[in-house]
file final.txt (compact mmCIF, N, CA and C atoms)
# COMPACT_ATOMS: atom_id res chain seq x y z
N MET A 12 137.49 99.94 17.49
CA MET A 12 138.81 99.82 18.06
C MET A 12 139.28 98.38 17.89
N ARG A 13 140.55 98.21 17.61
CA ARG A 13 141.11 96.87 17.41
C ARG A 13 141.33 96.18 18.75
N ARG A 14 141.07 94.92 18.77
CA ARG A 14 141.23 94.13 19.98
C ARG A 14 142.69 93.75 20.16
N GLU A 15 143.16 93.84 21.42
CA GLU A 15 144.52 93.40 21.73
C GLU A 15 144.60 91.89 21.56
N LYS A 16 145.71 91.45 21.05
CA LYS A 16 145.92 90.02 20.83
C LYS A 16 145.83 89.27 22.17
N GLY A 17 145.06 88.19 22.19
CA GLY A 17 144.94 87.36 23.37
C GLY A 17 143.83 87.77 24.34
N LEU A 18 143.18 88.91 24.09
CA LEU A 18 142.09 89.35 24.97
C LEU A 18 140.75 89.03 24.33
N SER A 19 139.83 88.56 25.16
CA SER A 19 138.49 88.34 24.65
C SER A 19 137.83 89.69 24.41
N PHE A 20 136.77 89.69 23.66
CA PHE A 20 136.05 90.93 23.38
C PHE A 20 135.59 91.57 24.69
N LEU A 21 135.06 90.77 25.62
CA LEU A 21 134.55 91.32 26.87
C LEU A 21 135.67 91.92 27.72
N ARG A 22 136.82 91.27 27.78
CA ARG A 22 137.94 91.83 28.55
C ARG A 22 138.43 93.13 27.92
N GLN A 23 138.49 93.18 26.60
CA GLN A 23 138.90 94.40 25.91
C GLN A 23 137.90 95.52 26.19
N ARG A 24 136.63 95.21 26.13
CA ARG A 24 135.58 96.20 26.39
C ARG A 24 135.65 96.68 27.84
N GLU A 25 135.91 95.77 28.77
CA GLU A 25 136.04 96.12 30.18
C GLU A 25 137.18 97.14 30.37
N ARG A 26 138.30 96.92 29.72
CA ARG A 26 139.43 97.86 29.81
C ARG A 26 139.07 99.22 29.23
N GLU A 27 138.38 99.21 28.10
CA GLU A 27 138.00 100.48 27.47
C GLU A 27 137.06 101.28 28.38
N VAL A 28 136.08 100.60 28.96
CA VAL A 28 135.13 101.27 29.85
C VAL A 28 135.85 101.81 31.08
N ALA A 29 136.77 101.05 31.65
CA ALA A 29 137.52 101.50 32.83
C ALA A 29 138.35 102.74 32.49
N ALA A 30 138.97 102.76 31.33
CA ALA A 30 139.76 103.93 30.92
C ALA A 30 138.85 105.14 30.72
N TRP A 31 137.69 104.93 30.13
CA TRP A 31 136.74 106.02 29.92
C TRP A 31 136.26 106.57 31.27
N GLU A 32 135.94 105.68 32.21
CA GLU A 32 135.48 106.11 33.53
C GLU A 32 136.56 106.90 34.27
N ALA A 33 137.80 106.46 34.19
CA ALA A 33 138.90 107.18 34.84
C ALA A 33 139.05 108.57 34.22
N GLU A 34 138.92 108.66 32.92
CA GLU A 34 139.02 109.96 32.24
C GLU A 34 137.86 110.88 32.63
N GLN A 35 136.65 110.34 32.75
CA GLN A 35 135.51 111.16 33.15
C GLN A 35 135.69 111.68 34.58
N ALA A 36 136.20 110.84 35.46
CA ALA A 36 136.45 111.26 36.85
C ALA A 36 137.51 112.36 36.87
N ARG A 37 138.56 112.18 36.09
CA ARG A 37 139.63 113.18 36.02
C ARG A 37 139.09 114.51 35.52
N LEU A 38 138.28 114.47 34.47
CA LEU A 38 137.70 115.70 33.91
C LEU A 38 136.77 116.38 34.91
N ALA A 39 136.01 115.59 35.66
CA ALA A 39 135.10 116.16 36.66
C ALA A 39 135.87 116.89 37.76
N VAL A 40 136.97 116.30 38.22
CA VAL A 40 137.79 116.95 39.25
C VAL A 40 138.43 118.21 38.69
N ARG A 41 138.95 118.13 37.47
CA ARG A 41 139.55 119.33 36.86
C ARG A 41 138.53 120.45 36.75
N PHE A 42 137.30 120.10 36.37
CA PHE A 42 136.24 121.10 36.27
C PHE A 42 135.95 121.72 37.64
N ALA A 43 135.83 120.87 38.66
CA ALA A 43 135.54 121.36 40.02
C ALA A 43 136.65 122.27 40.53
N ARG A 44 137.89 121.99 40.15
CA ARG A 44 139.02 122.80 40.60
C ARG A 44 138.96 124.24 40.06
N LYS A 45 138.18 124.45 39.03
CA LYS A 45 138.00 125.82 38.51
C LYS A 45 137.24 126.69 39.50
N PHE A 46 136.49 126.07 40.40
CA PHE A 46 135.63 126.79 41.32
C PHE A 46 136.09 126.76 42.78
N THR A 47 136.93 125.77 43.13
CA THR A 47 137.39 125.65 44.52
C THR A 47 138.72 124.90 44.56
N ASP A 48 139.48 125.17 45.59
CA ASP A 48 140.74 124.44 45.79
C ASP A 48 140.53 123.17 46.60
N ASN A 49 139.35 123.00 47.18
CA ASN A 49 139.07 121.85 48.04
C ASN A 49 138.08 120.93 47.34
N VAL A 50 138.58 119.89 46.68
CA VAL A 50 137.72 118.97 45.93
C VAL A 50 137.81 117.58 46.56
N GLU A 51 136.68 117.08 47.05
CA GLU A 51 136.61 115.72 47.58
C GLU A 51 136.01 114.82 46.51
N PHE A 52 136.70 113.73 46.22
CA PHE A 52 136.22 112.78 45.23
C PHE A 52 135.75 111.52 45.94
N SER A 53 134.60 111.02 45.52
CA SER A 53 134.01 109.84 46.14
C SER A 53 133.58 108.86 45.05
N PRO A 54 134.34 107.78 44.84
CA PRO A 54 133.91 106.78 43.85
C PRO A 54 132.73 106.00 44.41
N GLU A 55 131.68 105.91 43.65
CA GLU A 55 130.48 105.23 44.14
C GLU A 55 130.78 103.77 44.46
N ASP A 56 130.34 103.35 45.61
CA ASP A 56 130.43 101.96 46.06
C ASP A 56 131.85 101.39 46.01
N ALA A 57 132.79 102.14 46.56
CA ALA A 57 134.19 101.70 46.59
C ALA A 57 134.36 100.41 47.37
N GLY A 58 133.42 100.10 48.24
CA GLY A 58 133.51 98.88 49.03
C GLY A 58 133.43 97.61 48.21
N ARG A 59 132.80 97.67 47.04
CA ARG A 59 132.68 96.48 46.20
C ARG A 59 133.47 96.60 44.90
N SER A 60 134.12 97.72 44.65
CA SER A 60 134.88 97.89 43.41
C SER A 60 136.12 97.01 43.41
N GLU A 61 136.54 96.59 42.22
CA GLU A 61 137.79 95.85 42.11
C GLU A 61 138.92 96.79 42.52
N GLU A 62 139.85 96.26 43.29
CA GLU A 62 140.90 97.11 43.85
C GLU A 62 141.77 97.78 42.79
N ASP A 63 142.14 97.06 41.74
CA ASP A 63 142.97 97.66 40.69
C ASP A 63 142.24 98.83 40.04
N PHE A 64 140.97 98.64 39.75
CA PHE A 64 140.17 99.69 39.14
C PHE A 64 140.05 100.89 40.08
N LEU A 65 139.76 100.63 41.35
CA LEU A 65 139.63 101.70 42.33
C LEU A 65 140.92 102.51 42.42
N CYS A 66 142.06 101.82 42.46
CA CYS A 66 143.34 102.53 42.55
C CYS A 66 143.61 103.38 41.32
N LYS A 67 143.27 102.89 40.14
CA LYS A 67 143.46 103.68 38.91
C LYS A 67 142.61 104.95 38.93
N ILE A 68 141.38 104.81 39.38
CA ILE A 68 140.49 105.98 39.47
C ILE A 68 141.06 106.98 40.48
N LEU A 69 141.46 106.50 41.65
CA LEU A 69 141.98 107.39 42.68
C LEU A 69 143.25 108.10 42.22
N GLU A 70 144.14 107.39 41.56
CA GLU A 70 145.36 108.02 41.04
C GLU A 70 145.02 109.09 40.00
N ALA A 71 144.03 108.82 39.14
CA ALA A 71 143.64 109.79 38.11
C ALA A 71 143.10 111.06 38.74
N VAL A 72 142.26 110.93 39.77
CA VAL A 72 141.66 112.14 40.36
C VAL A 72 142.66 112.90 41.22
N ILE A 73 143.60 112.20 41.84
CA ILE A 73 144.66 112.91 42.57
C ILE A 73 145.48 113.73 41.59
N ASP A 74 145.86 113.12 40.47
CA ASP A 74 146.62 113.85 39.45
C ASP A 74 145.86 115.06 38.93
N ALA A 75 144.52 114.96 38.92
CA ALA A 75 143.69 116.07 38.43
C ALA A 75 143.47 117.14 39.49
N GLY A 76 143.84 116.86 40.76
CA GLY A 76 143.74 117.88 41.79
C GLY A 76 142.79 117.61 42.93
N ALA A 77 142.27 116.38 43.06
CA ALA A 77 141.42 116.07 44.21
C ALA A 77 142.23 116.23 45.49
N THR A 78 141.64 116.86 46.49
CA THR A 78 142.36 117.11 47.74
C THR A 78 141.97 116.16 48.86
N THR A 79 140.82 115.49 48.73
CA THR A 79 140.36 114.51 49.71
C THR A 79 139.71 113.37 48.95
N LEU A 80 139.92 112.16 49.40
CA LEU A 80 139.29 110.98 48.81
C LEU A 80 138.34 110.38 49.83
N ASN A 81 137.13 110.12 49.41
CA ASN A 81 136.15 109.45 50.25
C ASN A 81 136.01 108.03 49.73
N ILE A 82 136.15 107.06 50.60
CA ILE A 82 136.06 105.65 50.21
C ILE A 82 134.79 105.08 50.82
N PRO A 83 133.65 105.20 50.12
CA PRO A 83 132.38 104.79 50.71
C PRO A 83 132.03 103.32 50.43
N ASP A 84 131.26 102.79 51.31
CA ASP A 84 130.58 101.51 51.08
C ASP A 84 129.12 101.90 50.87
N THR A 85 128.81 102.35 49.68
CA THR A 85 127.55 103.01 49.39
C THR A 85 126.32 102.22 49.84
N VAL A 86 126.33 100.91 49.64
CA VAL A 86 125.14 100.12 49.96
C VAL A 86 125.26 99.34 51.27
N GLY A 87 126.34 99.56 52.02
CA GLY A 87 126.49 98.88 53.30
C GLY A 87 126.81 97.41 53.17
N TYR A 88 127.49 97.03 52.11
CA TYR A 88 127.81 95.64 51.84
C TYR A 88 128.89 95.08 52.75
N ALA A 89 129.91 95.90 53.03
CA ALA A 89 131.08 95.44 53.78
C ALA A 89 130.93 95.72 55.28
N THR A 90 131.62 94.92 56.07
CA THR A 90 131.68 95.18 57.50
C THR A 90 132.70 96.31 57.74
N PRO A 91 132.66 96.95 58.90
CA PRO A 91 133.67 97.98 59.19
C PRO A 91 135.10 97.42 59.09
N GLN A 92 135.30 96.18 59.51
CA GLN A 92 136.63 95.58 59.44
C GLN A 92 137.06 95.39 57.98
N GLU A 93 136.13 94.98 57.12
CA GLU A 93 136.45 94.81 55.70
C GLU A 93 136.80 96.15 55.04
N MET A 94 136.06 97.18 55.41
CA MET A 94 136.37 98.51 54.85
C MET A 94 137.71 99.01 55.35
N ALA A 95 138.01 98.78 56.62
CA ALA A 95 139.31 99.19 57.16
C ALA A 95 140.43 98.47 56.42
N GLU A 96 140.25 97.19 56.16
CA GLU A 96 141.26 96.42 55.43
C GLU A 96 141.40 96.92 54.00
N ARG A 97 140.29 97.25 53.37
CA ARG A 97 140.34 97.79 52.00
C ARG A 97 141.13 99.09 51.98
N ILE A 98 140.91 99.94 52.95
CA ILE A 98 141.62 101.22 53.00
C ILE A 98 143.10 100.99 53.29
N ARG A 99 143.42 100.03 54.16
CA ARG A 99 144.82 99.71 54.44
C ARG A 99 145.55 99.26 53.17
N ARG A 100 144.85 98.58 52.27
CA ARG A 100 145.48 98.06 51.07
C ARG A 100 145.64 99.10 49.96
N LEU A 101 145.11 100.30 50.16
CA LEU A 101 145.33 101.34 49.15
C LEU A 101 146.81 101.66 49.09
N PRO A 102 147.31 102.04 47.91
CA PRO A 102 148.75 102.33 47.80
C PRO A 102 149.19 103.42 48.78
N SER A 103 150.34 103.21 49.40
CA SER A 103 150.84 104.18 50.37
C SER A 103 151.21 105.50 49.71
N GLY A 104 151.38 105.51 48.40
CA GLY A 104 151.72 106.75 47.69
C GLY A 104 150.55 107.70 47.55
N LEU A 105 149.35 107.29 47.95
CA LEU A 105 148.20 108.19 47.90
C LEU A 105 148.30 109.14 49.08
N ASP A 106 149.08 110.18 48.92
CA ASP A 106 149.32 111.12 50.02
C ASP A 106 148.23 112.19 50.01
N THR A 107 147.00 111.75 50.18
CA THR A 107 145.83 112.61 50.15
C THR A 107 144.94 112.22 51.32
N PRO A 108 144.37 113.19 52.03
CA PRO A 108 143.47 112.82 53.13
C PRO A 108 142.32 111.92 52.64
N LEU A 109 141.95 110.99 53.48
CA LEU A 109 140.86 110.05 53.18
C LEU A 109 139.71 110.28 54.14
N SER A 110 138.52 109.95 53.68
CA SER A 110 137.38 109.86 54.58
C SER A 110 136.61 108.61 54.20
N ALA A 111 135.93 108.06 55.17
CA ALA A 111 135.12 106.87 54.93
C ALA A 111 133.90 106.98 55.83
N SER A 112 132.75 106.96 55.25
CA SER A 112 131.50 107.10 55.99
C SER A 112 131.52 108.34 56.87
N GLY A 113 132.12 109.41 56.36
CA GLY A 113 132.14 110.67 57.07
C GLY A 113 133.20 110.79 58.14
N SER A 114 134.07 109.77 58.28
CA SER A 114 135.13 109.83 59.29
C SER A 114 136.46 110.11 58.63
N PRO A 115 137.07 111.27 58.90
CA PRO A 115 138.36 111.55 58.28
C PRO A 115 139.42 110.56 58.75
N LEU A 116 140.23 110.11 57.82
CA LEU A 116 141.32 109.20 58.12
C LEU A 116 142.60 109.78 57.54
N SER A 117 143.71 109.37 58.04
CA SER A 117 144.98 109.77 57.46
C SER A 117 145.60 108.55 56.81
N THR A 118 146.17 108.72 55.62
CA THR A 118 146.82 107.60 54.96
C THR A 118 148.08 107.20 55.71
N ARG A 119 148.54 108.04 56.62
CA ARG A 119 149.75 107.72 57.37
C ARG A 119 149.43 106.91 58.62
N GLN A 120 148.17 106.83 58.99
CA GLN A 120 147.75 106.05 60.16
C GLN A 120 147.18 104.73 59.68
N SER A 121 147.06 103.79 60.58
CA SER A 121 146.35 102.57 60.22
C SER A 121 144.87 102.92 60.12
N ALA A 122 144.21 102.33 59.18
CA ALA A 122 142.80 102.64 58.97
C ALA A 122 141.94 101.73 59.81
N THR A 123 141.93 101.96 61.09
CA THR A 123 141.10 101.14 61.97
C THR A 123 139.75 101.82 62.13
N PRO A 124 138.71 101.05 62.31
CA PRO A 124 137.39 101.66 62.49
C PRO A 124 137.40 102.58 63.70
N PRO A 125 136.68 103.70 63.64
CA PRO A 125 136.66 104.62 64.77
C PRO A 125 136.01 103.97 65.98
N ARG A 126 136.42 104.43 67.16
CA ARG A 126 135.82 103.95 68.40
C ARG A 126 134.39 104.46 68.50
N PRO A 127 133.50 103.66 69.09
CA PRO A 127 132.14 104.15 69.28
C PRO A 127 132.14 105.33 70.25
N ARG A 128 131.30 106.29 69.97
CA ARG A 128 131.18 107.45 70.86
C ARG A 128 130.38 107.07 72.10
N ALA A 129 130.62 107.81 73.17
CA ALA A 129 129.84 107.60 74.39
C ALA A 129 128.38 107.90 74.09
N SER A 130 127.51 107.11 74.64
CA SER A 130 126.09 107.29 74.40
C SER A 130 125.59 108.57 75.06
N ARG A 131 124.75 109.27 74.37
CA ARG A 131 124.13 110.47 74.92
C ARG A 131 122.63 110.25 75.08
N ALA A 132 122.27 109.11 75.58
CA ALA A 132 120.86 108.79 75.75
C ALA A 132 120.22 109.70 76.77
N ARG A 133 119.01 110.11 76.46
CA ARG A 133 118.27 110.97 77.39
C ARG A 133 117.75 110.14 78.55
N ALA A 134 117.73 110.74 79.68
CA ALA A 134 117.14 110.08 80.85
C ALA A 134 115.64 109.96 80.61
N PRO A 135 115.02 108.93 81.12
CA PRO A 135 113.57 108.79 80.94
C PRO A 135 112.84 109.99 81.53
N ALA A 136 111.78 110.38 80.85
CA ALA A 136 110.98 111.53 81.32
C ALA A 136 110.30 111.16 82.62
N SER A 137 110.24 112.12 83.50
CA SER A 137 109.55 111.87 84.77
C SER A 137 108.06 112.00 84.54
N ALA A 138 107.29 111.52 85.47
CA ALA A 138 105.83 111.53 85.34
C ALA A 138 105.32 112.97 85.24
N SER A 139 106.02 113.93 85.84
CA SER A 139 105.55 115.31 85.80
C SER A 139 105.78 115.96 84.44
N GLU A 140 106.69 115.39 83.61
CA GLU A 140 106.96 115.94 82.28
C GLU A 140 105.97 115.45 81.24
N THR A 141 105.22 114.40 81.54
CA THR A 141 104.30 113.85 80.55
C THR A 141 102.91 114.37 80.69
call {"tool": "encode", "arguments": {"input": "final.txt", "output": "structure tokens"}}
result
Amino acid sequence: MRREKGLSFLRQREREVAAWEAEQARLAVRFARKFTDNVEFSPEDAGRSEEDFLCKILEAVIDAGATTLNIPDTVGYATPQEMAERIRRLPSGLDTPLSASGSPLSTRQSATPPRPRASRARAPASASET
């Protein structure tokens, strides 16, 4: 493939790989849609992905029919606040339900971290139970 004028070889290769990855994600969602109407797409390690790249992938899979987007921090790199901010910065035109770490979010709401649940700690066992 010919290199675009002004781009280094590595930058050109980076663009080609990103386009290939977006196409593979799109094809995977299209394939899944043959079997179900409910397709959740989860880009691996979205917490550390470059935002432009992440948005291109998400737009491609929405166009292919993804019905839910999961935005994971696969390796636990980001804090909950950083992930909430990352989700807030996603384009508002992504009118698709989101989930993050298993918590459904709405793109129409602010993506604030969920409140901690009330603790369900067991009471200590009595001496007669041991």
call {"tool": "atom_distance", "arguments": {"input": "final.txt", "atom1": "CA of Lys67 in chain A", "atom2": "CA of Phe52 in chain A"}}
result
13.2 Å
call {"tool": "closest_residue", "arguments": {"input": "final.txt", "among": "A:Ile82, A:Ala36, A:Val28, A:Leu18", "to": "Ser53 in chain A", "atoms": "only C-alpha atoms"}}
result
A:Ile82
call {"tool": "closest_residue", "arguments": {"input": "final.txt", "among": "A:Ala95, A:Ala43, A:Ala30, A:Pro102", "to": "Cys66 in chain A", "atoms": "all atoms listed in the file"}}
result
A:Pro102
call {"tool": "atom_distance", "arguments": {"input": "final.txt", "atom1": "CA of Asp48 in chain A", "atom2": "CA of Ala75 in chain A"}}
result
11.5 Å
call {"tool": "atom_distance", "arguments": {"input": "final.txt", "atom1": "CA of Glu51 in chain A", "atom2": "CA of Thr79 in chain A"}}
result
4.5 Å
call {"tool": "residues_near_point", "arguments": {"input": "final.txt", "point": "(130.3, 106.3, 44.7)", "cutoff": "8 Å", "atoms": "all atoms listed in the file", "output": "MDAnalysis selection string"}}
result
chainID A and resid 52:58 81:85
call {"tool": "closest_residue", "arguments": {"input": "final.txt", "among": "A:Arg97, A:Arg24, A:Arg37, A:Arg44", "to": "Ile68 in chain A", "atoms": "all atoms listed in the file"}}
result
A:Arg37
